[in-house]
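Take a look at the structure below.
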Amino acid sequence: MSTRLYGLCFALAALATAPFAHAQDAQRTVVRAGHLLDVDSGRLLADQAVTIEHGRVVAVAPWTPAAAGTHVFDWSAWTVVPGLMDMHTHLADEGQMADPGAPLKSNPARDAFIGAKNARDTVRAGFTTVRDVGAYRGFADVALRDAINAGYVPGPRMFVAGAYITVPGGGGEITGLPPGTVVPDVFRRGVSRGVDDVRRHVDIVLDGGADLIKVIATGAVLTAGTEPGQSEYSEAEIHAAVAEAAKRGAFVAAHAHGAEGIKRAIRAGVRSVEHASLIDDEGIALAKQHGTWLVMDIYDGDYIDSVGRAAGWSAEILRKNIETTEAQREGFRKAVKAGVRLAFGTDAGVYPYGDDARQFAYMVRYGMTPLQAIRSATIDAARLLGKERELGSIAPGKAADLVALACDPLYDIECLRQVRGVIKAGQPVSLD
C-alpha cells in the first residue's frame with residue numbers, strides 16, 4: 001500500500017480532529033509555571049515565565065506581568081516539566097491481542113484511524129515525542145508521522161522505524177497462524193537473511209521514509225514460535241545493518257532479550273538495545289563501555305500476567321513473560337547502579353496507549369531516583385535520539401514542549417500520570 005493512500009486515510013481521520021490542528025502562531029506566548037523542573041540542573045524553580053515564539057522557547061525567567069497583547073497560559077497552580085518522551089512505542093498498530101493473526105484481518109484505512117487515535121491518546125498523556133520502533137504493516141508509522149507533521153491529526157513528534165529487519169519466521173514476523181496462511185508482502189518489508197540481504201533491506205526501509213532501523217536480534221516474548229533467549233542474527237549481520245544505516249545518518253535499535261544477542265548487538269555498534277530482559281553482568285559492562293543505551297520496558301510484565309492472562313493470551317506468551325519479567329527488572333537495577341545509559345521506553349501497544357507514564361513508578365521501585373526517571377524520559381531520551389540541542393528540556397532555543405502536572409513528581413513520581421495541560425511546539429493540546 002502506498003504512502004499516498006495512507007495519507008488519504010489520515011486525511012479522513014483529520015475531519016474529526018481538525019479543530020486540534022494549529023498553524024504556528026507568530027504571537028508571543030508566555031506560560032506562567034507555579035513550579036518548573038529544570039531537568040538539566042535538577043532544580044525545581046518557583047514562579048517562572050516561559051516565553052515562546054514560533055514554537056520555540058526564547059526565555060525562561062522569574063515571572064513578571066506580561067506585556068499587553070501577550071497570550072498567557074496560567075499554569076501557576078501546577079508543576080511544569082518538559083514534554084515527555086517514550087523511546088519504544090508502536091502507535092501505528094492496534095495493540096496486542098490474543099489472536100496472532102489480528103493484523104492480517106485489518107486494512108489500511110482502519111489502521112489509519114487506529115493510529116490516529118493512538119497518537120492522540122499518547123500526546124494527551126503528556127508524551128510530545130516518541131520513537132516508534134516498528135509497525136507490522138510496513139511504513140504505516142511513516143504515514144502517521146507525516147499526517148501529524150502536516151497537522152491532519154494530533155499526536156507526538158515521531159521518529160519511526162518503518163519495518164522490522166528480522167529473519168524469516170523471527171521475532172518481527174506475524175507467526176502462530178493456521179497452516180497455509182500466506183502473509184502479504186506489506187507485512188514483511190524487512191525480512192532478511194545474510195549480510196548482503198540485511199544491507200539491501202536497510203536501504204529499502206530508509207528509502208521508504210524511516211528515520212531509524214529496528215533489528216530483531218533475538219526471539220520475542222509476544223511472537224509465537226520464537227524464544228527470547230535465542231539469537232536470530234549474527235554479529236556480522238547486525239553490524240551490516242549498523243554500517244549501512246550509518247551511511248545515511250541513521251541509528252539502529254536492536255530488539256534483544258537474550259544475553260548473547262544483547263552482546264552481539266552492542267559489539268556490532270547499535271545505538272540502543274530494546275528490552276534487554278536477560279542481560280548479564282558482561283552485557284551491562286559492555287553497554288557501559290560502549291555507551292550503548294538500554295531501553296527496558298519493565299512495567300509490561302505485570303500487565304501481561306494480569307490483563308493478558310484474563311484476555312486469553314496464549315500459554316506460550318504467558319510462560320515467556322514469566323521467564324523474562326523479574327530477570328529484566330533485576331538487570332535494570334544493576335544497570336542503574338552501574339551508570340549505564342537508560343532511556344524511557346514502554347513498548348506502548350502491549351498495554352493501552354496513553355498509559356505510558358505508569359512505568360515511572362516501576363523505574364523508581366527498581367533503583368532510579370524520581371529525577372533520574374524523569375530525565376530518562378526528557379533530556380536523556382533526547383540524547384538517545386541525538387536531538388538534545390532541540391528537545392528534552394525547557395530552555396531557550398528548544399522546542400516548546402511543556403506538560404503541567406497536578407503535583408510535584410520529585411515528591412511523588414505518580415504525579416506524572418496527573419496531566420493538567422500539554423503544549424507541543426508552542427501549541428496547546430486539547431485534553432477534552
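Ordering of the C-alpha cells sets the chain letters (A, B, ...); residue numbers start at 1 within each chain; ligands are numbered from 1 in the order shown.
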| request: Might you pull out every residue within 9 Å of A:Glu227, with only C-alpha atoms counted and same-chain residues fewer than 6 positions away left off, and present them as a ChimeraX atom specification? | output: /A:171,218-221,257-258,320
| field | Exercise: A:Thr181 partners within 10 Å, only C-alpha atoms, chain neighbours under 5 positions left out, as a ChimeraX atom specification | value | /A:101,175-176
| query | Smallest atom-to-atom distance to A:Gly208: which of A:Ala161, A:Ala224, A:Leu342, A:Leu177, using only C-alpha atoms? | reply |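 Residue with the minimum atom-to-atom distance to A:Gly208: A:Ala161.
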| A:Gly170 surroundings by only C-alpha atoms, 12 Å radius, close-in-sequence under 5 positions cut, as a ChimeraX atom specification | /A:164-165,175-176,188,190-193,215-228,230-233,255
| query | Would you give me, as a PyMOL selection string, the residues in stretch 69-251 of chain A that DSSP reads as strand (DSSP E)? | reply | chain A and resi 71-82+84-89+127-132+157-160+164-165+213-216
Writing out the chosen residues with C-alpha atoms as a PDB file, in the first residue's frame:
```
ATOM      1  CA  HIS A  71      -1.137  35.379  25.360  1.00  0.00           C
ATOM      2  CA  VAL A  72      -0.636  33.883  28.829  1.00  0.00           C
ATOM      3  CA  PHE A  73      -1.252  30.306  29.907  1.00  0.00           C
ATOM      4  CA  ASP A  74      -1.777  30.480  33.646  1.00  0.00           C
ATOM      5  CA  TRP A  75      -0.262  27.272  34.976  1.00  0.00           C
ATOM      6  CA  SER A  76       0.623  28.903  38.293  1.00  0.00           C
ATOM      7  CA  ALA A  77      -1.192  26.189  40.247  1.00  0.00           C
ATOM      8  CA  TRP A  78       0.834  23.392  38.676  1.00  0.00           C
ATOM      9  CA  THR A  79       4.307  21.927  38.292  1.00  0.00           C
ATOM     10  CA  VAL A  80       5.654  22.164  34.749  1.00  0.00           C
ATOM     11  CA  VAL A  81       8.040  19.613  33.239  1.00  0.00           C
ATOM     12  CA  PRO A  82       9.412  19.213  29.710  1.00  0.00           C
ATOM     13  CA  LEU A  84       7.785  13.597  27.995  1.00  0.00           C
ATOM     14  CA  MET A  85       9.424  11.219  25.519  1.00  0.00           C
ATOM     15  CA  ASP A  86       8.777   7.488  25.065  1.00  0.00           C
ATOM     16  CA  MET A  87      11.568   5.747  23.153  1.00  0.00           C
ATOM     17  CA  HIS A  88       9.732   2.482  22.459  1.00  0.00           C
ATOM     18  CA  THR A  89       6.215   2.719  21.042  1.00  0.00           C
ATOM     19  CA  PHE A 127       4.221  12.470  25.641  1.00  0.00           C
ATOM     20  CA  THR A 128       5.131  15.004  22.979  1.00  0.00           C
ATOM     21  CA  THR A 129       7.851  12.899  21.314  1.00  0.00           C
ATOM     22  CA  VAL A 130       8.126   9.168  20.636  1.00  0.00           C
ATOM     23  CA  ARG A 131      10.499   6.826  18.901  1.00  0.00           C
ATOM     24  CA  ASP A 132       8.169   4.404  17.144  1.00  0.00           C
ATOM     25  CA  ARG A 157       6.582  14.176  17.286  1.00  0.00           C
ATOM     26  CA  MET A 158       7.537  10.781  15.822  1.00  0.00           C
ATOM     27  CA  PHE A 159      10.839   9.182  14.844  1.00  0.00           C
ATOM     28  CA  VAL A 160       9.945   5.950  13.067  1.00  0.00           C
ATOM     29  CA  TYR A 164      11.331  -4.676  11.134  1.00  0.00           C
ATOM     30  CA  ILE A 165      14.646  -6.082   9.949  1.00  0.00           C
ATOM     31  CA  ILE A 213      16.408   0.989  11.721  1.00  0.00           C
ATOM     32  CA  LYS A 214      14.990  -1.659  14.052  1.00  0.00           C
ATOM     33  CA  VAL A 215      16.802  -5.007  14.008  1.00  0.00           C
ATOM     34  CA  ILE A 216      15.212  -8.007  15.718  1.00  0.00           C
TER      35      ILE A 216
END
```
| said: Nearest residue to A:Leu212 out of A:Ala348, A:Ala287, A:Val133, A:Ala147, using only C-alpha atoms? | reply: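 Smallest separation from A:Leu212 among the options: A:Val133.
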| request: Measure the distance from atom CA of A:Thr51 to atom CA of A:Glu390 in Å and round it to one decimal. | output: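 Going from atom CA of A:Thr51 over to atom CA of A:Glu390, I get 16.0 Å.
Each of A:Arg333, A:Arg341, A:His201, A:Lys105 was checked against A:Ser272 using only C-alpha atoms; the smallest atom-to-atom distance is that of A:Arg341.
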| A:Ala140, A:Ala125, A:Ala310, A:Ala61: which is nearest A:Gly421, counting only C-alpha atoms? | A:Ala125
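If you look at atom CA of A:Ala311 and atom CA of A:Glu94, they are 15.4 Å away from each other.
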